[in-house]
Amino acid sequence: MDKPVSPASPSSKTSKKGIFITFEGIEGSGKTTQLDLLYQTLKTKKIPVVKTFEPGGSSHGEKIRDLVIGFSQKKISKLTELFLFLADRTQHVQEIILPTLSKNQIVLCDRFSDSTLTYQGYGRGIDLDLIAKTNLAASFNLVPDLTFFLDLPVLEGLRRVRKRGKLNRMDKETVFFYEKVRKGYLKLAEGEKRIKVLDALQDKKKLQQEIFQQTSKLLSKRFNCSLERLT
Ligand code: TMP
């Protein structure tokens with residue numbers, strides 16, 4: 001259970017032309033804000049970019065999102081939860097992510113397969129190898145090129161979330177659950193070079209700068225273009 005799990009071996013990666021960047025973290029880490037900032041920056045620089053999210057980014061996503069993390073008090077079994085996230089991913093990858101990547105564009109995605117490994121695997125205790133395999137099947141072997149994991153102490157994340165008001169099914173999980181999820185992310189990052197662990201407590205602007213620099217490095221490598229500075 002504690003060995004680092006690789007979401008995919010490099011040879012199994014799906015072929016694609018664009019760049020796939022994901023944002024990960026526990027609740028309250030600020031990943032959605034940072035994704036939006038990067039999206040705006042790339043747009044300003046006229047780089048073709050699409051932003052999306054899981055669960056819920058496809059045309060069927062809203063219904064699946066509501067089923068799996070909505071506000072209903074009804075219980076869902078661990079495996080049902082896993083397969084709902086995977087079903088959402090399959091539709092999302094097929095309908096939104098792959099077509100965008102095949103047009104040579106950048107996709108910024110708020111959560112992807114690492115969320116399943118950390119929440120359903122490390123958090124709920126479902127076998128990590130089962131998740132790694134089904135993740136790959138559900139995503140047509142798609143693995144992100146770059147992943148930003150915004151890390152912060154669980155209590156701080158939950159404090160931020162609870163200040164926002166209405167809580168969904170996942171927001172109500174225990175501190176113990178989120179500690180396992182956070183440890184899961186750190187474990188994944190140990191085995192995956194693409195995952196950059198960032199201090200989510202640092203100044204928002206500095207974090208934005210760091211994310212921009214990492215993205216810029218990848219873009220210059222893959223597209224042979226320089227983004228210059230963040231302004
Ligand atoms: P968010 O959209 O506000 O980040 O909330 C999504 C919730 O769903 C969050 O608690 C993490 C959870 N989640 C999983 O448990 N597994 C997954 O595979 C995904 C994509 C999300």
# chains A, B, ... in the order shown; residues from 1 in each chain; ligands from 1
>>> residues_near_ligand(ligand="ligand 1", cutoff="10 Å", atoms="only C-alpha atoms and all ligand atoms", output="compact mmCIF listing (two decimals) with N, CA and C atoms, in the first residue's frame")
# COMPACT_ATOMS: atom_id res chain seq x y z
N PHE A 23 -3.69 20.32 -12.27
CA PHE A 23 -3.54 20.97 -10.96
C PHE A 23 -4.17 20.06 -9.92
N GLU A 24 -3.43 19.80 -8.86
CA GLU A 24 -3.91 18.88 -7.83
C GLU A 24 -3.70 19.47 -6.44
N GLY A 25 -4.47 18.96 -5.51
CA GLY A 25 -4.29 19.38 -4.12
C GLY A 25 -5.53 19.06 -3.31
N ILE A 26 -5.40 19.15 -2.00
CA ILE A 26 -6.58 18.92 -1.18
C ILE A 26 -7.47 20.17 -1.23
N GLU A 27 -8.64 20.06 -0.68
CA GLU A 27 -9.57 21.18 -0.63
C GLU A 27 -8.90 22.40 0.01
N GLY A 28 -9.15 23.57 -0.57
CA GLY A 28 -8.64 24.81 0.02
C GLY A 28 -7.20 25.11 -0.35
N SER A 29 -6.62 24.36 -1.30
CA SER A 29 -5.21 24.59 -1.64
C SER A 29 -5.00 25.76 -2.59
N GLY A 30 -6.07 26.23 -3.20
CA GLY A 30 -5.96 27.37 -4.11
C GLY A 30 -5.64 26.96 -5.54
N LYS A 31 -5.77 25.67 -5.87
CA LYS A 31 -5.39 25.19 -7.21
C LYS A 31 -6.25 25.81 -8.31
N THR A 32 -7.55 25.99 -8.03
CA THR A 32 -8.43 26.53 -9.07
C THR A 32 -8.06 27.99 -9.38
N PHE A 53 -12.07 20.75 -16.00
CA PHE A 53 -12.02 20.25 -14.62
C PHE A 53 -12.66 18.87 -14.49
N GLU A 54 -12.30 18.20 -13.40
CA GLU A 54 -12.93 16.91 -13.06
C GLU A 54 -13.33 16.91 -11.59
N PRO A 55 -14.39 16.28 -11.19
CA PRO A 55 -15.36 15.69 -12.10
C PRO A 55 -16.28 16.78 -12.67
N GLY A 56 -16.76 16.55 -13.90
CA GLY A 56 -17.79 17.44 -14.43
C GLY A 56 -17.48 18.18 -15.70
N GLY A 57 -16.27 18.00 -16.29
CA GLY A 57 -15.91 18.83 -17.44
C GLY A 57 -16.53 18.47 -18.79
N ARG A 65 -21.02 14.59 -11.72
CA ARG A 65 -20.48 15.35 -10.59
C ARG A 65 -21.50 15.41 -9.45
N VAL A 68 -21.73 12.05 -7.71
CA VAL A 68 -20.59 11.59 -6.93
C VAL A 68 -20.16 12.55 -5.81
N ILE A 69 -20.27 13.85 -6.05
CA ILE A 69 -19.85 14.75 -4.94
C ILE A 69 -20.92 15.78 -4.58
N GLY A 70 -22.15 15.52 -5.00
CA GLY A 70 -23.21 16.50 -4.74
C GLY A 70 -23.53 16.67 -3.27
N GLU A 81 -18.15 4.91 -6.06
CA GLU A 81 -17.52 6.23 -6.15
C GLU A 81 -16.36 6.20 -7.15
N LEU A 82 -15.50 5.16 -7.00
CA LEU A 82 -14.36 5.04 -7.92
C LEU A 82 -14.83 5.01 -9.38
N PHE A 83 -15.82 4.15 -9.66
CA PHE A 83 -16.23 3.98 -11.05
C PHE A 83 -16.97 5.22 -11.59
N LEU A 84 -17.59 5.97 -10.72
CA LEU A 84 -18.22 7.22 -11.19
C LEU A 84 -17.14 8.23 -11.60
N PHE A 85 -16.09 8.34 -10.79
CA PHE A 85 -15.00 9.26 -11.18
C PHE A 85 -14.37 8.80 -12.50
N LEU A 86 -14.22 7.49 -12.65
CA LEU A 86 -13.59 6.97 -13.87
C LEU A 86 -14.50 7.17 -15.09
N ALA A 87 -15.80 6.96 -14.88
CA ALA A 87 -16.74 7.17 -16.00
C ALA A 87 -16.70 8.63 -16.45
N ASP A 88 -16.66 9.50 -15.47
CA ASP A 88 -16.57 10.94 -15.77
C ASP A 88 -15.30 11.22 -16.59
N ARG A 89 -14.20 10.57 -16.18
CA ARG A 89 -12.90 10.80 -16.86
C ARG A 89 -12.94 10.32 -18.30
N CYS A 109 -6.11 21.29 -16.61
CA CYS A 109 -7.21 20.54 -16.01
C CYS A 109 -7.12 20.56 -14.49
N ASP A 110 -8.24 20.95 -13.88
CA ASP A 110 -8.36 21.00 -12.43
C ASP A 110 -8.71 19.59 -11.94
N ARG A 111 -7.72 18.86 -11.50
CA ARG A 111 -7.78 17.46 -11.05
C ARG A 111 -7.80 16.49 -12.24
N PHE A 112 -7.15 15.35 -12.02
CA PHE A 112 -7.16 14.25 -13.01
C PHE A 112 -6.85 12.95 -12.26
N SER A 113 -6.19 12.01 -12.92
CA SER A 113 -5.99 10.66 -12.35
C SER A 113 -5.32 10.66 -10.96
N ASP A 114 -4.45 11.61 -10.70
CA ASP A 114 -3.79 11.62 -9.38
C ASP A 114 -4.81 11.78 -8.26
N SER A 115 -5.91 12.51 -8.54
CA SER A 115 -6.96 12.66 -7.51
C SER A 115 -7.56 11.30 -7.17
N THR A 116 -7.70 10.44 -8.18
CA THR A 116 -8.30 9.12 -7.93
C THR A 116 -7.35 8.26 -7.10
N LEU A 117 -6.05 8.33 -7.45
CA LEU A 117 -5.08 7.55 -6.67
C LEU A 117 -5.03 8.03 -5.21
N THR A 118 -5.10 9.34 -5.01
CA THR A 118 -4.95 9.85 -3.65
C THR A 118 -6.25 9.73 -2.84
N TYR A 119 -7.39 10.13 -3.44
CA TYR A 119 -8.65 10.11 -2.67
C TYR A 119 -9.22 8.69 -2.54
N GLN A 120 -9.35 7.99 -3.67
CA GLN A 120 -9.95 6.66 -3.60
C GLN A 120 -8.91 5.61 -3.14
N GLY A 121 -7.64 5.83 -3.53
CA GLY A 121 -6.59 4.88 -3.17
C GLY A 121 -6.09 5.12 -1.75
N GLY A 123 -6.82 7.55 0.33
CA GLY A 123 -7.86 8.00 1.26
C GLY A 123 -8.83 6.89 1.65
N ARG A 124 -9.46 6.27 0.64
CA ARG A 124 -10.49 5.25 0.94
C ARG A 124 -9.91 3.85 1.11
N ILE A 131 -6.52 0.83 -9.10
CA ILE A 131 -6.79 2.21 -9.54
C ILE A 131 -5.86 2.62 -10.68
N ASN A 135 -7.47 3.60 -14.07
CA ASN A 135 -7.21 4.99 -14.45
C ASN A 135 -6.72 5.06 -15.90
N VAL A 161 -11.91 26.02 3.38
CA VAL A 161 -13.12 25.47 2.74
C VAL A 161 -14.35 25.75 3.59
N LEU A 167 -21.07 22.86 2.11
CA LEU A 167 -20.08 21.81 1.90
C LEU A 167 -20.66 20.65 1.10
N ASN A 168 -19.88 20.15 0.12
CA ASN A 168 -20.36 18.97 -0.62
C ASN A 168 -19.96 17.69 0.12
N ARG A 169 -20.29 16.53 -0.48
CA ARG A 169 -20.08 15.25 0.20
C ARG A 169 -18.62 15.04 0.60
N MET A 170 -17.69 15.45 -0.29
CA MET A 170 -16.27 15.23 0.00
C MET A 170 -15.75 16.23 1.04
N ASP A 171 -16.28 17.46 0.99
CA ASP A 171 -15.79 18.48 1.93
C ASP A 171 -16.03 18.08 3.38
N LYS A 172 -16.97 17.16 3.56
CA LYS A 172 -17.33 16.79 4.95
C LYS A 172 -16.46 15.66 5.50
N GLU A 173 -15.48 15.20 4.70
CA GLU A 173 -14.61 14.13 5.18
C GLU A 173 -13.78 14.58 6.39
N TYR A 178 -8.20 13.41 5.03
CA TYR A 178 -7.39 14.34 4.23
C TYR A 178 -5.90 14.20 4.49
N VAL A 181 -4.88 11.55 2.20
CA VAL A 181 -4.85 12.05 0.82
C VAL A 181 -3.57 12.88 0.59
>>> atom_distance(atom1="CA of Ile76 (chain A)", atom2="CA of Ile64 (chain A)")
12.8 Å
>>> atom_distance(atom1="CA of Thr134 (chain A)", atom2="CA of Thr22 (chain A)")
18.7 Å
>>> residues_around(residues="region 194-210 of chain A", least_positions_apart="3", cutoff="7 Å", atoms="only C-alpha atoms", output="compact mmCIF listing (two decimals) with N, CA and C atoms, in the first residue's frame")
# COMPACT_ATOMS: atom_id res chain seq x y z
N SER A 29 -6.62 24.36 -1.30
CA SER A 29 -5.21 24.59 -1.64
C SER A 29 -5.00 25.76 -2.59
N GLN A 34 -5.06 29.32 -9.05
CA GLN A 34 -3.79 29.32 -9.79
C GLN A 34 -3.98 28.84 -11.22
N ASP A 145 1.59 15.91 -18.78
CA ASP A 145 2.99 16.25 -19.02
C ASP A 145 3.58 16.91 -17.78
N LEU A 146 2.73 17.65 -17.09
CA LEU A 146 3.19 18.42 -15.93
C LEU A 146 2.03 18.51 -14.95
N THR A 147 2.35 18.33 -13.66
CA THR A 147 1.30 18.40 -12.64
C THR A 147 1.77 19.29 -11.50
N PHE A 148 0.95 20.27 -11.15
CA PHE A 148 1.26 21.11 -9.99
C PHE A 148 0.47 20.60 -8.80
N PHE A 149 1.19 20.15 -7.78
CA PHE A 149 0.51 19.75 -6.55
C PHE A 149 0.70 20.87 -5.54
N LEU A 150 -0.38 21.54 -5.23
CA LEU A 150 -0.32 22.66 -4.28
C LEU A 150 -0.53 22.10 -2.87
N ASP A 151 0.56 22.11 -2.13
CA ASP A 151 0.55 21.43 -0.83
C ASP A 151 0.38 22.41 0.32
N LEU A 152 -0.50 22.04 1.25
CA LEU A 152 -0.65 22.84 2.47
C LEU A 152 -1.15 21.94 3.60
N ALA A 189 4.43 12.08 -5.71
CA ALA A 189 5.43 13.03 -6.21
C ALA A 189 6.85 12.46 -6.10
N GLN A 213 6.82 29.83 -14.55
CA GLN A 213 8.18 29.47 -14.98
C GLN A 213 8.28 28.00 -15.41
N GLN A 214 7.65 27.14 -14.62
CA GLN A 214 7.68 25.70 -14.95
C GLN A 214 6.97 25.44 -16.28
N LEU A 230 6.68 36.84 -16.89
CA LEU A 230 5.31 37.03 -16.44
C LEU A 230 5.16 38.50 -16.10
>>> closest_residue(among="A:Leu188, A:Leu219, A:Arg159, A:Thr33", to="Pro48 (chain A)", atoms="only C-alpha atoms")
A:Leu219
>>> select_by_dssp(residues="region 92-202 of chain A", states="helix (DSSP H, G or I)", output="PyMOL selection string")
chain A and resi 92-102+113-123+128-138+154-164+175-191
>>> select_by_dssp(residues="region 21-101 of chain A", states="strand (DSSP E)", output="list in words")
Ile21, Thr22, Phe23, Glu24, Val49, Val50, Lys51, Thr52 and Phe53 of chain A
>>> closest_residue(among="A:Leu38, A:Ala137, A:Leu186, A:Thr90", to="Tyr122 (chain A)", atoms="only C-alpha atoms")
A:Leu186
>>> atom_distance(atom1="CA of Thr174 (chain A)", atom2="CA of Leu130 (chain A)")
24.3 Å
>>> residues_around(residues="Asp36 (chain A)", least_positions_apart="5", cutoff="9 Å", atoms="only C-alpha atoms", output="ChimeraX atom specification")
/A:31,41,51,108
